[in-house]
Amino acid sequence: MSSKSSLSLHTLPVEIVYRILDRLEHRSIFLSLEGVCQRLNIVLKTYQPYQTLCSLKYNGCRRYNHILDHSIDNYAVIRLANVLQHNTTLVTLDLPRNHINDEGAKYLADALQANITLATLDLSYNCIGDDGARYLSNALQHNTTLITLGLYENRIRDEGTFHLFSALRKNTTLTTLILSYENDCLWMARHILGIVDQMKTVTTLNLSGFKIEYTALTRLLADAMKDSTLTTMDLSSCKLRNSDARLLADVVKESFTLITLNLRGNHIGDDGEYYLLNALSHNTTLLELYIDDNRNLVDVARNLPMLRHQINTCTSLDLSHNQITNAEIHLILDALQNSTTLKSLDLSYNKIDDTHVQHLCDALETNQILTQLNLECNHISSEGIICIWKILRINTKLSILYLRCHSNNNEAVNSLTYAVYNCPPFTTVNFENNTFHNLAARSLAGALKRYDSRISVLNFQNTHLNDRQMEWFSCELSTDRTIVNINLRNNSLTDKCVERLVYGLRYNTTLVQLNLDGNHISEKAAKRIAEALGQITPIVGLNFEKTANDNQALSEMLHTLTLADEQICVRPTKQLISALGKNTALTMAKLTKDSLKDQKKRIFVDILINLQALTTINFQRNRIGAKVTERLAFALRTNTTIITLELGWNRIDDDGANSLARALSINKTLVTLNLQNNNIGLQGVQCFLETLKTSQVLKMLNLEDNILSLEIKQHILNQITSDDISRIKLE
């Protein structure tokens, strides 16, 4: 009689059981197999992959309180809790975004009292309420291994929060508690914050969302933080205000343990930021302090001592394009009040607004050294401008002020006009990018004529100035005895205003610069203006970049040539070349960004290089290439006037560099040569190094951003003597 052997879980060879386990996920084994029977428990204890299991994550997908199928429920939590009571390997258990409620929290709390290995438990984004928090707080009083407990975004209210904080009185191992608090209960908040100072072992505390709306509560919290062991504190979205920030600033001053403080999402304004920045100057341990998403105030504070030193020692300081906030400007202006050296301060393109204009006025009232202040492109409205004008009636030293109103309206322009009436010390008035209405323009023209003005520079660029308005200013030109520079660039001027402008220019004896670029003036009208300017001696600059010019007028008057960003048409270029050939006064030529067509580049090089007074040529971004470079190098051999030559962004290669290097070995006047952003390699640099050995005239050779690797740069530096290192710039 044949006998059949039956196999079961109890009789299967252990190797086959191992092969089955190999095909299962660890979390399936943990929830479904452990504790099923004694034989399986024995097998699991010898199954090596399972014995090394120290971390499990059951991340559900709860969205808008809807539970998806793969989120674990209370039944799964019961199985999980039973296993935890006996498990000796698991250290981290993450259960976020599931459907764990108070009942599930009770089972987990019971398991925590028996478990001796679990260090991290994350129950964030579940449905645990006050009862569940109470169960967990009871477990915390007995558990001696848990270090981190995450309960963020549950349904815990006043009572549950109270129980959790009370448990920390007895618990000595928990260092991180992540908890959100939603309800506003003054009595409960006072009680909870009074417990904080008893948490002597906690190093990380997250109270994000805890609605601290009373300064007294912040004071309790601040007092507790001063003597605590906290290194990380999260007070984001706690409705903190400037007064609260002032109390926390005292904590920052005195703390020796705090490393990270998160204050994002509160109502802390400029004053609060000012208190915190001041406090950071006394703190040496804090590494991160945020009140918004992007700026670490610690980094900002580290730069402030250097700024204060510069304000107290330098004569000129440029802080433009730094996105400086009102709080930072407050600290800078505090130093400005006592500065005895700073004469020029540029704060343009920042975030300064009316809120702290009063601090600026206080500084200007005390400081009598500053003569030039640039506040362009900030957030200062007409109200702030008026405040500045009032203080400038007291400050008689500031003579140059650049101030563009943030809100382009009639009130802003009226405020600027008011300054001309009431602040005679000004020598420069800048109206750039403000739109003039007729009444304001007429009022300003009358202001210029009304008193013995000291204004020498008027900037009307991009003000939408029209012919009618220009007629009013032209009348003023005929009688003015101080204005030397007028910028009328990019307006709406046409031939209609030319006759009145010419009338004003004929009787003006002081104007030396007039910029009419970007208007709608014809060639014929341009010649009329050039003839009128011919009676003014000396004339330094006349800019008609978009119009034709009179040859003789250019030849007699032009000391500075600027042709940038425009493709000049053929006829004006011929006129200009003809005028330059007769010129004996041109000192600087700037022809950048493809100002000339290819056939004109060589002609300009030949003419410019031979002008007797020319000392500076800026030929950047013209893609001149090898032929023009060789022609320029040949001319440099005999030139005795040019001191500065700008040739960046021109695609000059090693051959061009070789030509220039040979020319420099002969040239006796060139001091600065800029060749950055070209195609010069090691061969071209070697040619320059040989020239530097024999020529001591060249003081600065800029070779930044050429085709030189780090290894090649290091090789070059190794060849340079200590005396020549300051003469060559590679990066």
# chains A, B, ... in the order shown; residues from 1 in each chain; ligands from 1
call {"tool": "select_by_dssp", "arguments": {"residues": "stretch 239-403 of chain A", "states": "strand (DSSP E or B)", "output": "list in words"}}
result
Thr260, Leu261, Asn262, Glu288, Leu289, Tyr290, Asn296, Ser316, Leu317, Asp318, Ser344, Leu345, Asp346, Asp353, Gln372, Leu373, Asn374, His379, Ile400, Leu401 and Tyr402 of chain A
call {"tool": "residues_around", "arguments": {"residues": "A:Cys127", "least_positions_apart": "5", "cutoff": "9 Å", "atoms": "only C-alpha atoms", "output": "short mmCIF file (atom, residue, chain, number, x, y, z; two decimals) with N, CA, C and O atoms, in the first residue's frame"}}
result
data_model
loop_
_atom_site.label_atom_id
_atom_site.label_comp_id
_atom_site.auth_asym_id
_atom_site.auth_seq_id
_atom_site.Cartn_x
_atom_site.Cartn_y
_atom_site.Cartn_z
N ASN A 65 -8.53 63.94 3.62
CA ASN A 65 -9.25 63.02 4.50
C ASN A 65 -9.84 61.82 3.76
O ASN A 65 -10.70 61.12 4.30
N ARG A 97 0.64 59.60 7.01
CA ARG A 97 -0.43 59.61 6.00
C ARG A 97 -1.20 58.30 5.94
O ARG A 97 -1.44 57.75 4.86
N ASN A 98 -1.57 57.77 7.10
CA ASN A 98 -2.41 56.58 7.15
C ASN A 98 -3.74 56.94 7.82
O ASN A 98 -4.11 58.12 7.85
N HIS A 99 -4.43 55.94 8.33
CA HIS A 99 -5.74 56.18 8.96
C HIS A 99 -5.70 55.74 10.41
O HIS A 99 -6.66 55.15 10.92
N ILE A 100 -4.61 56.07 11.08
CA ILE A 100 -4.45 55.67 12.48
C ILE A 100 -5.20 56.68 13.34
O ILE A 100 -4.91 57.88 13.30
N ASN A 101 -6.15 56.18 14.16
CA ASN A 101 -6.92 57.06 15.04
C ASN A 101 -6.54 56.81 16.50
O ASN A 101 -5.49 56.22 16.79
N ASP A 102 -7.38 57.24 17.42
CA ASP A 102 -7.06 57.11 18.85
C ASP A 102 -6.91 55.65 19.25
O ASP A 102 -6.04 55.30 20.07
N GLU A 153 0.37 67.51 12.17
CA GLU A 153 -0.87 67.46 11.40
C GLU A 153 -1.74 66.27 11.77
O GLU A 153 -2.13 65.46 10.93
N ASN A 154 -2.05 66.15 13.07
CA ASN A 154 -3.08 65.23 13.53
C ASN A 154 -4.26 66.05 14.04
O ASN A 154 -4.44 67.19 13.61
N ARG A 155 -5.06 65.48 14.94
CA ARG A 155 -6.23 66.19 15.47
C ARG A 155 -6.08 66.45 16.96
O ARG A 155 -7.05 66.43 17.71
N ILE A 156 -4.87 66.70 17.35
CA ILE A 156 -4.57 66.92 18.76
C ILE A 156 -4.88 68.36 19.13
O ILE A 156 -4.40 69.29 18.48
#
call {"tool": "atom_distance", "arguments": {"atom1": "atom CA of A:Arg219", "atom2": "atom CA of A:Arg241"}}
result
12.5 Å
call {"tool": "residues_around", "arguments": {"residues": "A:Lys729", "least_positions_apart": "6", "cutoff": "9 Å", "atoms": "only C-alpha atoms", "output": "list in words"}}
result
Met700, Leu701, Asn702, Leu703 and Glu704 of chain A
call {"tool": "atom_distance", "arguments": {"atom1": "atom CA of A:Ala635", "atom2": "atom CA of A:Lys668"}}
result
12.7 Å
call {"tool": "atom_distance", "arguments": {"atom1": "atom CA of A:Asn618", "atom2": "atom CA of A:Val697"}}
result
19.5 Å
call {"tool": "residues_around", "arguments": {"residues": "A:Asp130", "least_positions_apart": "2", "cutoff": "6 Å", "atoms": "only C-alpha atoms", "output": "number ranges by chain"}}
result
A: 132-133, 156, 159-160
call {"tool": "write_last_selection", "arguments": {"atoms": "all heavy atoms", "output": "PDB file, in the first residue's frame"}}
result
ATOM      1  N   GLY A 132      -5.771  59.762  21.874  1.00  0.00           N
ATOM      2  CA  GLY A 132      -4.565  59.097  21.394  1.00  0.00           C
ATOM      3  C   GLY A 132      -3.311  59.742  21.940  1.00  0.00           C
ATOM      4  O   GLY A 132      -2.336  59.057  22.288  1.00  0.00           O
ATOM      5  N   ALA A 133      -3.300  61.085  22.032  1.00  0.00           N
ATOM      6  CA  ALA A 133      -2.155  61.784  22.602  1.00  0.00           C
ATOM      7  C   ALA A 133      -1.964  61.411  24.071  1.00  0.00           C
ATOM      8  O   ALA A 133      -0.830  61.294  24.551  1.00  0.00           O
ATOM      9  CB  ALA A 133      -2.352  63.289  22.457  1.00  0.00           C
ATOM     10  N   ILE A 156      -4.867  66.695  17.350  1.00  0.00           N
ATOM     11  CA  ILE A 156      -4.566  66.920  18.764  1.00  0.00           C
ATOM     12  C   ILE A 156      -4.883  68.359  19.128  1.00  0.00           C
ATOM     13  O   ILE A 156      -4.402  69.290  18.482  1.00  0.00           O
ATOM     14  CB  ILE A 156      -3.093  66.587  19.057  1.00  0.00           C
ATOM     15  CG1 ILE A 156      -2.806  65.130  18.698  1.00  0.00           C
ATOM     16  CG2 ILE A 156      -2.745  66.860  20.511  1.00  0.00           C
ATOM     17  CD1 ILE A 156      -1.354  64.755  18.770  1.00  0.00           C
ATOM     18  N   GLU A 159      -6.135  69.484  25.244  1.00  0.00           N
ATOM     19  CA  GLU A 159      -5.918  68.439  26.255  1.00  0.00           C
ATOM     20  C   GLU A 159      -4.785  67.508  25.847  1.00  0.00           C
ATOM     21  O   GLU A 159      -3.917  67.167  26.664  1.00  0.00           O
ATOM     22  CB  GLU A 159      -7.215  67.648  26.459  1.00  0.00           C
ATOM     23  CG  GLU A 159      -7.100  66.588  27.555  1.00  0.00           C
ATOM     24  CD  GLU A 159      -8.369  65.764  27.691  1.00  0.00           C
ATOM     25  OE1 GLU A 159      -9.380  66.098  27.018  1.00  0.00           O
ATOM     26  OE2 GLU A 159      -8.351  64.780  28.451  1.00  0.00           O
ATOM     27  N   GLY A 160      -4.797  67.085  24.590  1.00  0.00           N
ATOM     28  CA  GLY A 160      -3.751  66.178  24.135  1.00  0.00           C
ATOM     29  C   GLY A 160      -2.373  66.815  24.198  1.00  0.00           C
ATOM     30  O   GLY A 160      -1.389  66.171  24.589  1.00  0.00           O
TER      31      GLY A 160
END
